[in-house]
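Visitor: What follows is input.cif, made up of mmCIF, C-alpha atoms:
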```
data_model
loop_
_atom_site.label_atom_id
_atom_site.label_comp_id
_atom_site.auth_asym_id
_atom_site.auth_seq_id
_atom_site.Cartn_x
_atom_site.Cartn_y
_atom_site.Cartn_z
CA MET A 1 0.00 0.00 0.00
CA SER A 2 2.74 2.46 0.73
CA THR A 3 5.80 1.45 -1.24
CA PRO A 4 7.93 4.56 -1.47
CA SER A 5 8.76 5.49 -5.06
CA PRO A 6 12.47 6.05 -5.68
CA ALA A 7 12.09 9.79 -6.29
CA SER A 8 15.35 11.29 -7.41
CA ARG A 9 16.63 14.78 -6.86
CA ARG A 10 14.93 15.61 -10.16
CA THR A 11 11.53 14.38 -9.06
CA THR A 12 11.45 15.62 -5.50
CA VAL A 13 8.63 18.13 -5.08
CA ARG A 14 10.09 21.49 -4.08
CA ARG A 15 7.25 24.02 -4.10
CA SER A 16 4.58 23.19 -1.48
CA ALA A 17 6.60 20.11 -0.56
CA HIS A 18 3.83 18.90 1.79
CA ARG A 19 1.81 18.16 -1.33
CA GLY A 20 4.38 15.75 -2.70
CA VAL A 21 3.29 12.12 -3.24
CA TYR A 22 5.94 9.38 -3.37
CA ASP A 23 3.79 6.33 -2.78
CA ARG A 24 4.18 4.15 -5.87
CA GLY A 25 0.59 2.93 -5.77
CA GLU A 26 -0.79 6.45 -5.58
CA ILE A 27 1.40 7.64 -8.44
CA LEU A 28 0.38 4.71 -10.64
CA ALA A 29 -3.29 5.30 -9.81
CA ILE A 30 -2.98 8.84 -11.21
CA ILE A 31 -1.26 7.56 -14.35
CA ASP A 32 -4.03 4.98 -14.83
CA ALA A 33 -6.84 7.49 -14.30
CA VAL A 34 -5.62 9.91 -17.00
CA PRO A 35 -6.68 9.09 -20.58
CA MET A 36 -3.87 11.10 -22.18
CA CYS A 37 -0.58 12.38 -20.80
CA HIS A 38 1.58 15.31 -21.89
CA VAL A 39 5.02 14.32 -23.12
CA GLY A 40 7.86 16.81 -23.31
CA VAL A 41 11.25 16.55 -24.96
CA SER A 42 14.05 19.06 -25.42
CA THR A 43 14.93 19.56 -29.07
CA PRO A 44 17.50 21.83 -30.74
CA ASP A 45 14.43 23.83 -31.71
CA GLY A 46 13.25 24.30 -28.12
CA PRO A 47 11.04 22.25 -25.84
CA ILE A 48 7.95 20.61 -27.27
CA VAL A 49 5.01 19.18 -25.30
CA LEU A 50 2.32 17.07 -26.96
CA PRO A 51 -0.62 15.02 -25.69
CA MET A 52 -0.29 11.26 -26.12
CA ALA A 53 -2.18 8.12 -25.26
CA HIS A 54 -0.23 5.81 -22.96
CA GLY A 55 -0.15 2.45 -21.25
CA ARG A 56 2.05 0.82 -18.64
CA ASP A 57 2.98 -2.38 -16.92
CA ASP A 58 4.58 -2.78 -13.51
CA SER A 59 7.95 -1.44 -14.58
CA HIS A 60 7.52 0.73 -17.70
CA LEU A 61 5.46 3.47 -19.25
CA PHE A 62 4.64 2.96 -22.94
CA LEU A 63 3.95 5.53 -25.66
CA HIS A 64 3.30 4.99 -29.35
CA GLY A 65 2.68 6.78 -32.59
CA ALA A 66 3.18 6.66 -36.33
CA ALA A 67 6.69 5.65 -37.35
CA ALA A 68 7.17 9.18 -38.69
CA ASN A 69 6.12 10.81 -35.38
CA GLY A 70 8.56 13.66 -34.83
CA LEU A 71 8.32 13.88 -31.07
CA LEU A 72 8.67 10.14 -30.48
CA ASN A 73 11.70 9.92 -32.73
CA ALA A 74 13.19 13.03 -31.12
CA GLY A 75 12.66 11.39 -27.74
CA VAL A 76 14.41 8.08 -28.38
CA ASP A 77 17.49 7.58 -26.21
CA ILE A 78 17.12 11.01 -24.63
CA ASP A 79 15.35 12.30 -21.58
CA VAL A 80 11.60 12.66 -21.75
CA CYS A 81 9.15 13.97 -19.18
CA ALA A 82 5.62 12.55 -19.16
CA THR A 83 3.07 14.40 -17.02
CA PHE A 84 -0.38 13.06 -16.06
CA THR A 85 -2.85 15.56 -14.65
CA ILE A 86 -6.38 15.30 -13.31
CA PHE A 87 -7.90 18.71 -12.70
CA ASP A 88 -10.33 18.27 -9.80
CA GLY A 89 -11.71 21.78 -9.53
CA LEU A 90 -11.34 25.43 -8.64
CA VAL A 91 -10.37 26.66 -5.18
CA LEU A 92 -11.85 30.12 -4.67
CA ALA A 93 -10.49 31.87 -1.61
CA ARG A 94 -11.42 35.12 0.09
CA SER A 95 -8.47 36.76 -1.67
CA ALA A 96 -7.30 36.19 -5.25
CA PHE A 97 -3.81 35.48 -3.92
CA HIS A 98 -5.07 32.33 -2.20
CA ASN A 99 -7.11 31.08 -5.13
CA SER A 100 -5.83 27.72 -6.24
CA VAL A 101 -6.80 24.56 -8.04
CA ASN A 102 -7.41 21.05 -6.77
CA TYR A 103 -5.54 18.54 -8.86
CA ARG A 104 -3.52 15.35 -8.93
CA SER A 105 -0.47 15.32 -11.17
CA ALA A 106 2.20 12.66 -11.69
CA VAL A 107 5.54 13.18 -13.44
CA VAL A 108 7.73 10.44 -14.93
CA ARG A 109 11.22 11.38 -16.10
CA GLY A 110 13.65 9.06 -17.84
CA THR A 111 15.30 7.90 -21.02
CA ALA A 112 13.02 6.60 -23.76
CA THR A 113 13.95 3.35 -25.52
CA LYS A 114 12.53 2.26 -28.88
CA LEU A 115 10.95 -1.20 -28.66
CA SER A 116 10.88 -4.07 -31.15
CA GLY A 117 9.64 -7.66 -31.37
CA ASP A 118 7.65 -9.04 -28.47
CA GLU A 119 8.41 -6.02 -26.30
CA LYS A 120 6.83 -3.78 -28.92
CA LEU A 121 3.73 -5.99 -29.14
CA TRP A 122 3.44 -5.97 -25.35
CA ALA A 123 3.68 -2.18 -25.28
CA LEU A 124 1.02 -1.79 -27.99
CA ARG A 125 -1.26 -4.19 -26.12
CA ARG A 126 -0.87 -2.25 -22.88
CA ILE A 127 -1.59 1.08 -24.61
CA SER A 128 -4.61 -0.40 -26.43
CA ASP A 129 -6.01 -1.79 -23.20
CA HIS A 130 -5.37 1.27 -21.04
CA ILE A 131 -8.94 2.62 -20.81
CA VAL A 132 -10.93 -0.32 -22.16
CA PRO A 133 -9.67 -3.64 -23.55
CA THR A 134 -9.32 -3.41 -27.33
CA TRP A 135 -6.20 -5.38 -28.32
CA ASP A 136 -7.94 -8.77 -28.37
CA GLU A 137 -11.15 -7.32 -29.85
CA GLY A 138 -11.78 -6.63 -33.49
CA ARG A 139 -9.50 -7.43 -36.41
CA PRO A 140 -5.91 -8.20 -35.29
CA SER A 141 -3.18 -5.80 -36.36
CA SER A 142 -1.27 -6.77 -39.49
CA GLU A 143 2.52 -6.91 -39.67
CA ALA A 144 2.52 -3.81 -41.87
CA GLU A 145 0.44 -1.89 -39.33
CA ILE A 146 2.80 -2.83 -36.53
CA ARG A 147 5.81 -1.89 -38.69
CA GLY A 148 4.18 1.49 -39.28
CA THR A 149 3.98 2.15 -35.56
CA ILE A 150 6.77 3.19 -33.22
CA ALA A 151 6.58 2.22 -29.54
CA ILE A 152 8.85 3.48 -26.79
CA SER A 153 9.23 2.71 -23.12
CA VAL A 154 10.31 4.82 -20.18
CA PRO A 155 11.18 3.13 -16.85
CA LEU A 156 8.65 3.77 -14.07
CA ALA A 157 11.56 4.54 -11.79
CA GLU A 158 12.11 8.27 -11.49
CA MET A 159 8.70 9.68 -10.66
CA SER A 160 6.63 11.58 -8.17
CA ALA A 161 3.25 13.21 -7.89
CA LYS A 162 1.70 16.27 -6.36
CA ARG A 163 -1.83 16.69 -5.09
CA ARG A 164 -3.95 19.51 -3.74
CA GLU A 165 -7.36 18.83 -2.31
CA GLY A 166 -9.91 20.44 -0.05
CA ASP A 167 -10.83 23.94 0.96
CA PRO A 168 -9.06 27.24 0.35
CA VAL A 169 -6.47 28.24 2.94
CA ASP A 170 -7.25 31.86 3.75
CA GLU A 171 -5.39 34.35 5.92
CA PRO A 172 -6.74 34.23 9.48
CA GLU A 173 -7.61 37.94 9.35
CA ASP A 174 -9.74 37.37 6.23
CA LEU A 175 -11.97 34.71 7.79
CA GLN A 176 -14.51 37.17 9.17
CA GLY A 177 -14.76 39.12 5.90
CA PRO A 178 -17.92 39.26 3.79
CA TRP A 179 -16.48 37.10 1.00
CA TRP A 180 -17.52 33.67 -0.20
CA SER A 181 -14.90 30.92 -0.02
CA GLY A 182 -15.10 27.37 -1.29
CA THR A 183 -14.47 24.98 -4.14
CA VAL A 184 -16.09 24.22 -7.49
CA PRO A 185 -15.50 20.58 -8.45
CA LEU A 186 -14.88 19.58 -12.06
CA GLU A 187 -16.19 16.13 -12.91
CA GLN A 188 -15.25 13.97 -15.86
CA ARG A 189 -17.67 11.31 -16.95
CA TRP A 190 -17.95 8.99 -19.91
CA GLY A 191 -20.96 9.53 -22.12
CA THR A 192 -23.06 6.87 -23.85
CA PRO A 193 -21.10 4.94 -26.51
CA MET A 194 -22.11 6.17 -29.99
CA PRO A 195 -22.09 3.67 -32.85
CA ALA A 196 -20.22 4.73 -36.00
CA ALA A 197 -22.41 5.88 -38.89
CA ASP A 198 -21.13 2.95 -40.94
CA LEU A 199 -21.73 0.30 -38.27
CA THR A 200 -23.47 -2.82 -39.58
CA PRO A 201 -27.02 -2.80 -38.16
CA GLY A 202 -27.54 -5.34 -35.40
CA ILE A 203 -24.07 -5.14 -33.84
CA GLU A 204 -24.66 -4.19 -30.22
CA VAL A 205 -22.41 -2.20 -27.91
CA PRO A 206 -19.97 -4.81 -26.55
CA PRO A 207 -20.17 -5.70 -22.83
CA ARG A 208 -16.71 -4.26 -22.20
CA LEU A 209 -18.18 -0.79 -22.87
CA GLU A 210 -21.35 -1.27 -20.83
CA HIS A 211 -19.87 0.31 -17.72
CA MET A 212 -19.10 3.48 -19.69
CA ARG A 213 -22.75 4.25 -20.44
CA GLY A 214 -23.47 7.75 -19.12
CA MET B 1 -13.76 34.42 -38.12
CA SER B 2 -10.89 32.89 -39.95
CA THR B 3 -7.79 34.94 -39.28
CA PRO B 4 -4.87 32.69 -40.08
CA SER B 5 -2.46 32.32 -37.18
CA PRO B 6 1.17 32.98 -38.09
CA ALA B 7 2.24 29.36 -37.63
CA SER B 8 5.97 29.01 -37.98
CA ARG B 9 7.92 26.06 -39.23
CA ARG B 10 8.03 24.97 -35.57
CA THR B 11 4.27 25.01 -35.14
CA THR B 12 3.18 23.57 -38.47
CA VAL B 13 1.34 20.29 -37.89
CA ARG B 14 3.24 17.49 -39.62
CA ARG B 15 1.56 14.20 -38.64
CA SER B 16 -2.04 14.01 -39.95
CA ALA B 17 -1.60 17.49 -41.38
CA HIS B 18 -5.29 17.62 -42.35
CA ARG B 19 -6.05 17.90 -38.64
CA GLY B 20 -4.01 21.09 -38.25
CA VAL B 21 -5.86 24.23 -37.09
CA TYR B 22 -4.37 27.66 -37.84
CA ASP B 23 -7.40 29.87 -37.32
CA ARG B 24 -6.51 32.26 -34.51
CA GLY B 25 -10.04 32.29 -33.09
CA GLU B 26 -10.23 28.52 -32.95
CA ILE B 27 -6.83 28.25 -31.28
CA LEU B 28 -7.75 30.87 -28.66
CA ALA B 29 -11.07 29.11 -28.00
CA ILE B 30 -9.16 25.94 -27.09
CA ILE B 31 -6.83 27.90 -24.80
CA ASP B 32 -9.83 29.52 -23.09
CA ALA B 33 -11.70 26.24 -22.62
CA VAL B 34 -8.84 24.49 -20.80
CA PRO B 35 -8.60 25.16 -17.05
CA MET B 36 -4.91 24.22 -16.81
CA CYS B 37 -2.22 23.94 -19.46
CA HIS B 38 0.99 21.91 -19.51
CA VAL B 39 4.14 23.99 -19.68
CA GLY B 40 7.44 22.52 -20.80
CA VAL B 41 10.95 23.93 -20.59
CA SER B 42 14.33 22.43 -21.44
CA THR B 43 16.69 22.48 -18.48
CA PRO B 44 20.28 21.22 -18.13
CA ASP B 45 18.62 18.45 -16.14
CA GLY B 46 16.33 17.40 -19.00
CA PRO B 47 12.87 18.52 -20.07
CA ILE B 48 10.26 19.21 -17.43
CA VAL B 49 6.50 19.52 -17.98
CA LEU B 50 4.16 20.79 -15.27
CA PRO B 51 0.48 21.74 -15.14
CA MET B 52 -0.22 25.44 -14.63
CA ALA B 53 -3.16 27.79 -14.47
CA HIS B 54 -3.09 30.43 -17.19
CA GLY B 55 -4.74 33.53 -18.58
CA ARG B 56 -4.37 35.59 -21.72
CA ASP B 57 -5.23 38.79 -23.47
CA ASP B 58 -5.30 39.44 -27.20
CA SER B 59 -1.56 39.28 -27.62
CA HIS B 60 -0.02 37.30 -24.75
CA LEU B 61 -0.35 34.16 -22.70
CA PHE B 62 0.24 34.65 -18.95
CA LEU B 63 1.50 32.17 -16.36
CA HIS B 64 2.24 32.71 -12.67
CA GLY B 65 3.53 31.03 -9.57
CA ALA B 66 5.40 31.55 -6.35
CA ALA B 67 8.55 33.67 -6.73
CA ALA B 68 10.58 30.55 -5.93
CA ASN B 69 8.87 28.47 -8.64
CA GLY B 70 11.64 26.49 -10.31
CA LEU B 71 10.01 25.95 -13.67
CA LEU B 72 8.92 29.57 -14.10
CA ASN B 73 12.37 30.86 -13.23
CA ALA B 74 13.97 28.26 -15.50
CA GLY B 75 11.67 29.43 -18.28
CA VAL B 76 12.41 33.16 -18.15
CA ASP B 77 14.07 34.44 -21.32
CA ILE B 78 14.19 30.99 -22.84
CA ASP B 79 11.85 29.02 -25.03
CA VAL B 80 8.79 27.52 -23.42
CA CYS B 81 6.06 25.35 -24.89
CA ALA B 82 2.55 25.59 -23.44
CA THR B 83 0.09 22.91 -24.50
CA PHE B 84 -3.69 23.05 -23.95
CA THR B 85 -5.61 19.82 -24.43
CA ILE B 86 -9.28 18.90 -24.25
CA PHE B 87 -9.78 15.15 -24.40
CA ASP B 88 -13.16 14.62 -26.08
CA GLY B 89 -13.38 10.84 -26.04
CA LEU B 90 -12.29 7.44 -27.22
CA VAL B 91 -12.45 6.34 -30.85
CA LEU B 92 -12.87 2.56 -30.97
CA ALA B 93 -12.35 1.13 -34.43
CA ARG B 94 -12.83 -2.35 -35.84
CA SER B 95 -9.07 -2.88 -35.48
CA ALA B 96 -6.83 -1.75 -32.63
CA PHE B 97 -4.55 -0.08 -35.17
CA HIS B 98 -7.29 2.40 -36.05
CA ASN B 99 -8.28 3.16 -32.47
CA SER B 100 -7.77 6.80 -31.74
CA VAL B 101 -8.87 9.63 -29.49
CA ASN B 102 -10.98 12.69 -30.21
CA TYR B 103 -9.31 15.79 -28.86
CA ARG B 104 -8.52 19.45 -29.39
CA SER B 105 -5.00 20.55 -28.54
CA ALA B 106 -3.30 23.94 -28.94
CA VAL B 107 0.43 24.59 -28.69
CA VAL B 108 2.07 27.98 -28.01
CA ARG B 109 5.84 28.25 -28.36
CA GLY B 110 7.91 31.30 -27.58
CA THR B 111 10.23 33.12 -25.24
CA ALA B 112 8.94 33.83 -21.74
CA THR B 113 9.43 37.31 -20.28
CA LYS B 114 9.20 38.14 -16.58
CA LEU B 115 6.67 40.91 -15.92
CA SER B 116 6.69 43.78 -13.43
CA GLY B 117 4.60 46.80 -12.51
CA ASP B 118 1.31 47.31 -14.30
CA GLU B 119 2.06 44.53 -16.77
CA LYS B 120 2.42 42.09 -13.89
CA LEU B 121 -0.88 43.24 -12.33
CA TRP B 122 -2.61 42.88 -15.68
CA ALA B 123 -1.26 39.35 -16.09
CA LEU B 124 -2.37 38.34 -12.58
CA ARG B 125 -5.82 39.80 -13.23
CA ARG B 126 -6.16 37.87 -16.49
CA ILE B 127 -5.08 34.60 -14.83
CA SER B 128 -7.43 35.19 -11.87
CA ASP B 129 -10.34 35.86 -14.18
CA HIS B 130 -9.69 32.99 -16.61
CA ILE B 131 -12.46 30.61 -15.52
CA VAL B 132 -14.56 32.88 -13.32
CA PRO B 133 -13.97 36.51 -12.32
CA THR B 134 -12.09 36.65 -9.01
CA TRP B 135 -9.61 39.56 -9.22
CA ASP B 136 -12.15 42.23 -8.27
CA GLU B 137 -13.88 39.97 -5.74
CA GLY B 138 -12.76 39.34 -2.19
CA ARG B 139 -9.89 41.00 -0.38
CA PRO B 140 -7.48 42.77 -2.76
CA SER B 141 -3.93 41.42 -3.02
CA SER B 142 -1.34 43.13 -0.84
CA GLU B 143 1.96 44.43 -2.17
CA ALA B 144 3.78 41.65 -0.34
CA GLU B 145 1.58 39.02 -1.97
CA ILE B 146 2.22 40.47 -5.40
CA ARG B 147 5.97 40.65 -4.68
CA GLY B 148 5.85 36.96 -3.71
CA THR B 149 4.39 36.02 -7.08
CA ILE B 150 6.20 35.74 -10.39
CA ALA B 151 4.29 36.37 -13.62
CA ILE B 152 5.56 35.70 -17.11
CA SER B 153 4.20 36.31 -20.57
CA VAL B 154 4.62 34.45 -23.84
CA PRO B 155 3.54 36.09 -27.12
CA LEU B 156 0.47 34.52 -28.71
CA ALA B 157 2.31 34.56 -31.99
CA GLU B 158 3.82 31.17 -32.73
CA MET B 159 0.99 28.72 -32.26
CA SER B 160 -1.19 26.11 -33.83
CA ALA B 161 -3.72 23.50 -32.88
CA LYS B 162 -4.74 20.02 -33.86
CA ARG B 163 -8.14 18.44 -33.66
CA ARG B 164 -9.65 15.02 -34.25
CA GLU B 165 -13.37 14.52 -34.17
CA GLY B 166 -15.98 12.07 -35.33
CA ASP B 167 -16.11 8.39 -36.14
CA PRO B 168 -13.32 5.84 -36.47
CA VAL B 169 -11.79 5.52 -39.93
CA ASP B 170 -11.67 1.80 -40.61
CA GLU B 171 -10.14 -0.12 -43.48
CA PRO B 172 -12.76 -0.68 -46.22
CA GLU B 173 -12.29 -4.45 -46.00
CA ASP B 174 -13.09 -4.38 -42.26
CA LEU B 175 -16.47 -2.65 -42.64
CA GLN B 176 -18.43 -5.86 -43.07
CA GLY B 177 -16.77 -7.57 -40.11
CA PRO B 178 -18.64 -8.55 -36.93
CA TRP B 179 -16.96 -5.86 -34.81
CA TRP B 180 -18.43 -2.83 -33.06
CA SER B 181 -17.09 0.56 -34.08
CA GLY B 182 -17.85 3.96 -32.61
CA THR B 183 -16.92 6.60 -30.08
CA VAL B 184 -17.24 7.04 -26.33
CA PRO B 185 -17.48 10.74 -25.43
CA LEU B 186 -15.82 12.13 -22.31
CA GLU B 187 -17.67 15.05 -20.78
CA GLN B 188 -16.36 17.59 -18.31
CA ARG B 189 -18.84 19.43 -16.17
CA TRP B 190 -18.64 21.74 -13.20
CA GLY B 191 -20.21 20.43 -10.02
CA THR B 192 -22.16 22.43 -7.46
CA PRO B 193 -20.02 25.04 -5.65
CA MET B 194 -19.14 23.78 -2.15
CA PRO B 195 -18.76 26.34 0.64
CA ALA B 196 -15.56 26.12 2.71
CA ALA B 197 -15.95 24.55 6.16
CA ASP B 198 -14.95 27.87 7.73
CA LEU B 199 -17.34 30.01 5.67
CA THR B 200 -19.29 32.50 7.75
CA PRO B 201 -22.92 31.30 7.87
CA GLY B 202 -25.24 33.37 5.71
CA ILE B 203 -22.79 34.14 2.90
CA GLU B 204 -24.46 32.83 -0.24
CA VAL B 205 -22.80 31.46 -3.38
CA PRO B 206 -22.04 34.60 -5.43
CA PRO B 207 -23.97 35.14 -8.70
CA ARG B 208 -20.75 34.81 -10.73
CA LEU B 209 -20.70 31.10 -9.77
CA GLU B 210 -24.39 30.43 -10.35
CA HIS B 211 -23.83 29.18 -13.89
CA MET B 212 -21.43 26.55 -12.57
CA ARG B 213 -24.04 24.76 -10.48
CA GLY B 214 -24.11 21.11 -11.59
#
```
Could you render the structure as structure tokens?

Guide:
Amino acid sequence: MSTPSPASRRTTVRRSAHRGVYDRGEILAIIDAVPMCHVGVSTPDGPIVLPMAHGRDDSHLFLHGAAANGLLNAGVDIDVCATFTIFDGLVLARSAFHNSVNYRSAVVRGTATKLSGDEKLWALRRISDHIVPTWDEGRPSSEAEIRGTIAISVPLAEMSAKRREGDPVDEPEDLQGPWWSGTVPLEQRWGTPMPAADLTPGIEVPPRLEHMRG
Amino acid sequence: MSTPSPASRRTTVRRSAHRGVYDRGEILAIIDAVPMCHVGVSTPDGPIVLPMAHGRDDSHLFLHGAAANGLLNAGVDIDVCATFTIFDGLVLARSAFHNSVNYRSAVVRGTATKLSGDEKLWALRRISDHIVPTWDEGRPSSEAEIRGTIAISVPLAEMSAKRREGDPVDEPEDLQGPWWSGTVPLEQRWGTPMPAADLTPGIEVPPRLEHMRG
């Protein structure tokens, strides 16, 4: 339940250090709850940050894209930073200075390695199955499709998270003022699955999607 | 309605170029709709990407944080990349290879400048008022609070967006297969404002939050 994550100097939370999360299970839970992460690499042309789907197993984070994907190729064998954020709501204090946001955010830093063979297939399976199982559904991927895809892994080793929750923290002398103070939650929910316009009539929503009905 | 944004070589969409968005109004609408962006900088220690609240005016993006904020200080006078993503849902095709996500994502690249004086106050106001107006509500910020905050600006000049929407695009030969195909939307909605535990009894939810009631 509370395995400490091996946070490095680079992933130790500095600002508002009391909000740092180093429990491996908690960090992985944030990664699992986020449908897309934001991946950053340093390039000669400056930093670039793009949203990407992801998957993981116990030891590695997996990312994928078209073989021509610029960011993934730029990221191979160099440091990447993948950030996973759930925005939980607004924190509206009695003074603008103490306004804040409630959120959970995990950061994974490490060197990206390009995968091949069985490792690549494993990574693609884990990415495909991240939100709902899809790898073993439908028409299997062809060799050409897999060749046309790049998959990379980043060790789930150097990581940490940060979390803010709960009420605003106002100045004691502001507490008796006439101002409202509180939070406004932001909720994410899956809507009802929508069949494609070209779906063959009679094919029902598969059971694996039933729990996503709004 | 359709002012082209001055996308540079660095912000021209390369993968799935037909999904590129260069209309300034559309890009700004994505920036406005996202409560937090992901900001990346290159540091000697590797790239780092963190979630941040933001605001903007017609010409600049604004970010802020505590004066000791490592990423903001690292980003001053160097290139930053701010990415704004709305995840609209899953795209589940007849083959895993054609699974995708529906999303809108804007990218702003440029050099960050540290602000002072009236420019700093303007930036803080724009950030405070991004989701709901707060700067002119509550107890005004003190000089010490403003001194303890750093604000930076990035020109809204070099930017672009990318968008995917609609149904899966399956291979023609898969269309008659027995597999389900469609989308699962993800919806974000504000919940009911929750008063802080220490709120003085009798202070009602202010009208500016009424539209956020779930």

Visitor: Which residues, named as in the file, does the PyMOL selection byres ((chain B and resi 59-73) around 8) pick out? Answer as an MDAnalysis selection string.

Guide: (chainID A and resid 15) or (chainID B and resid 41 48 50 52:58 74:76 123:124 126:127 147:157)

Visitor: Would you export the selected residues with C-alpha atoms as a compact mmCIF listing (two decimals), in the coordinates of the input, please?

Guide:
```
# COMPACT_ATOMS: atom_id res chain seq x y z
CA ARG A 15 7.25 24.02 -4.10
CA VAL B 41 10.95 23.93 -20.59
CA ILE B 48 10.26 19.21 -17.43
CA LEU B 50 4.16 20.79 -15.27
CA MET B 52 -0.22 25.44 -14.63
CA ALA B 53 -3.16 27.79 -14.47
CA HIS B 54 -3.09 30.43 -17.19
CA GLY B 55 -4.74 33.53 -18.58
CA ARG B 56 -4.37 35.59 -21.72
CA ASP B 57 -5.23 38.79 -23.47
CA ASP B 58 -5.30 39.44 -27.20
CA ALA B 74 13.97 28.26 -15.50
CA GLY B 75 11.67 29.43 -18.28
CA VAL B 76 12.41 33.16 -18.15
CA ALA B 123 -1.26 39.35 -16.09
CA LEU B 124 -2.37 38.34 -12.58
CA ARG B 126 -6.16 37.87 -16.49
CA ILE B 127 -5.08 34.60 -14.83
CA ARG B 147 5.97 40.65 -4.68
CA GLY B 148 5.85 36.96 -3.71
CA THR B 149 4.39 36.02 -7.08
CA ILE B 150 6.20 35.74 -10.39
CA ALA B 151 4.29 36.37 -13.62
CA ILE B 152 5.56 35.70 -17.11
CA SER B 153 4.20 36.31 -20.57
CA VAL B 154 4.62 34.45 -23.84
CA PRO B 155 3.54 36.09 -27.12
CA LEU B 156 0.47 34.52 -28.71
CA ALA B 157 2.31 34.56 -31.99
```

Visitor: Segment 96-102 of chain B: which residues within 8 Å, counting only C-alpha atoms, same-chain residues fewer than 5 positions away excluded, as a list in words?

Guide: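 The contact residues come out as Ser128, Thr134, Trp135, Glu137, Gly138, Arg139, Pro140, Ser141, Glu145 and Ile146 of chain A; Phe87, Asp88, Gly89, Leu90, Val91, Arg163, Arg164, Glu165, Gly166, Pro168, Val169 and Asp170 of chain B.
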
Visitor: Taking into account only C-alpha atoms, which residue in the set B:Thr12, B:Gln188, B:Ser160, B:Thr111 is nearest to chain A?

Guide: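 Under the stated criterion, the closest residue is B:Gln188.
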
Visitor: Could you list, as a list in words, every residue within 9 Å of segment 206-210 of chain A, counting all atoms listed in the file and ignoring same-chain residues fewer than 4 positions away?

Guide: Val132, Pro133, Thr192 and Pro193 of chain A; Trp179, Trp180 and Val184 of chain B

Visitor: How would you write, as a ChimeraX atom specification, the residues chosen by the PyMOL selection byres ((chain B and resi 106) around 10) on this structure?

Guide: /A:50-51 /B:11,20-22,26-31,34,37,82-86,104-105,107-108,159-163
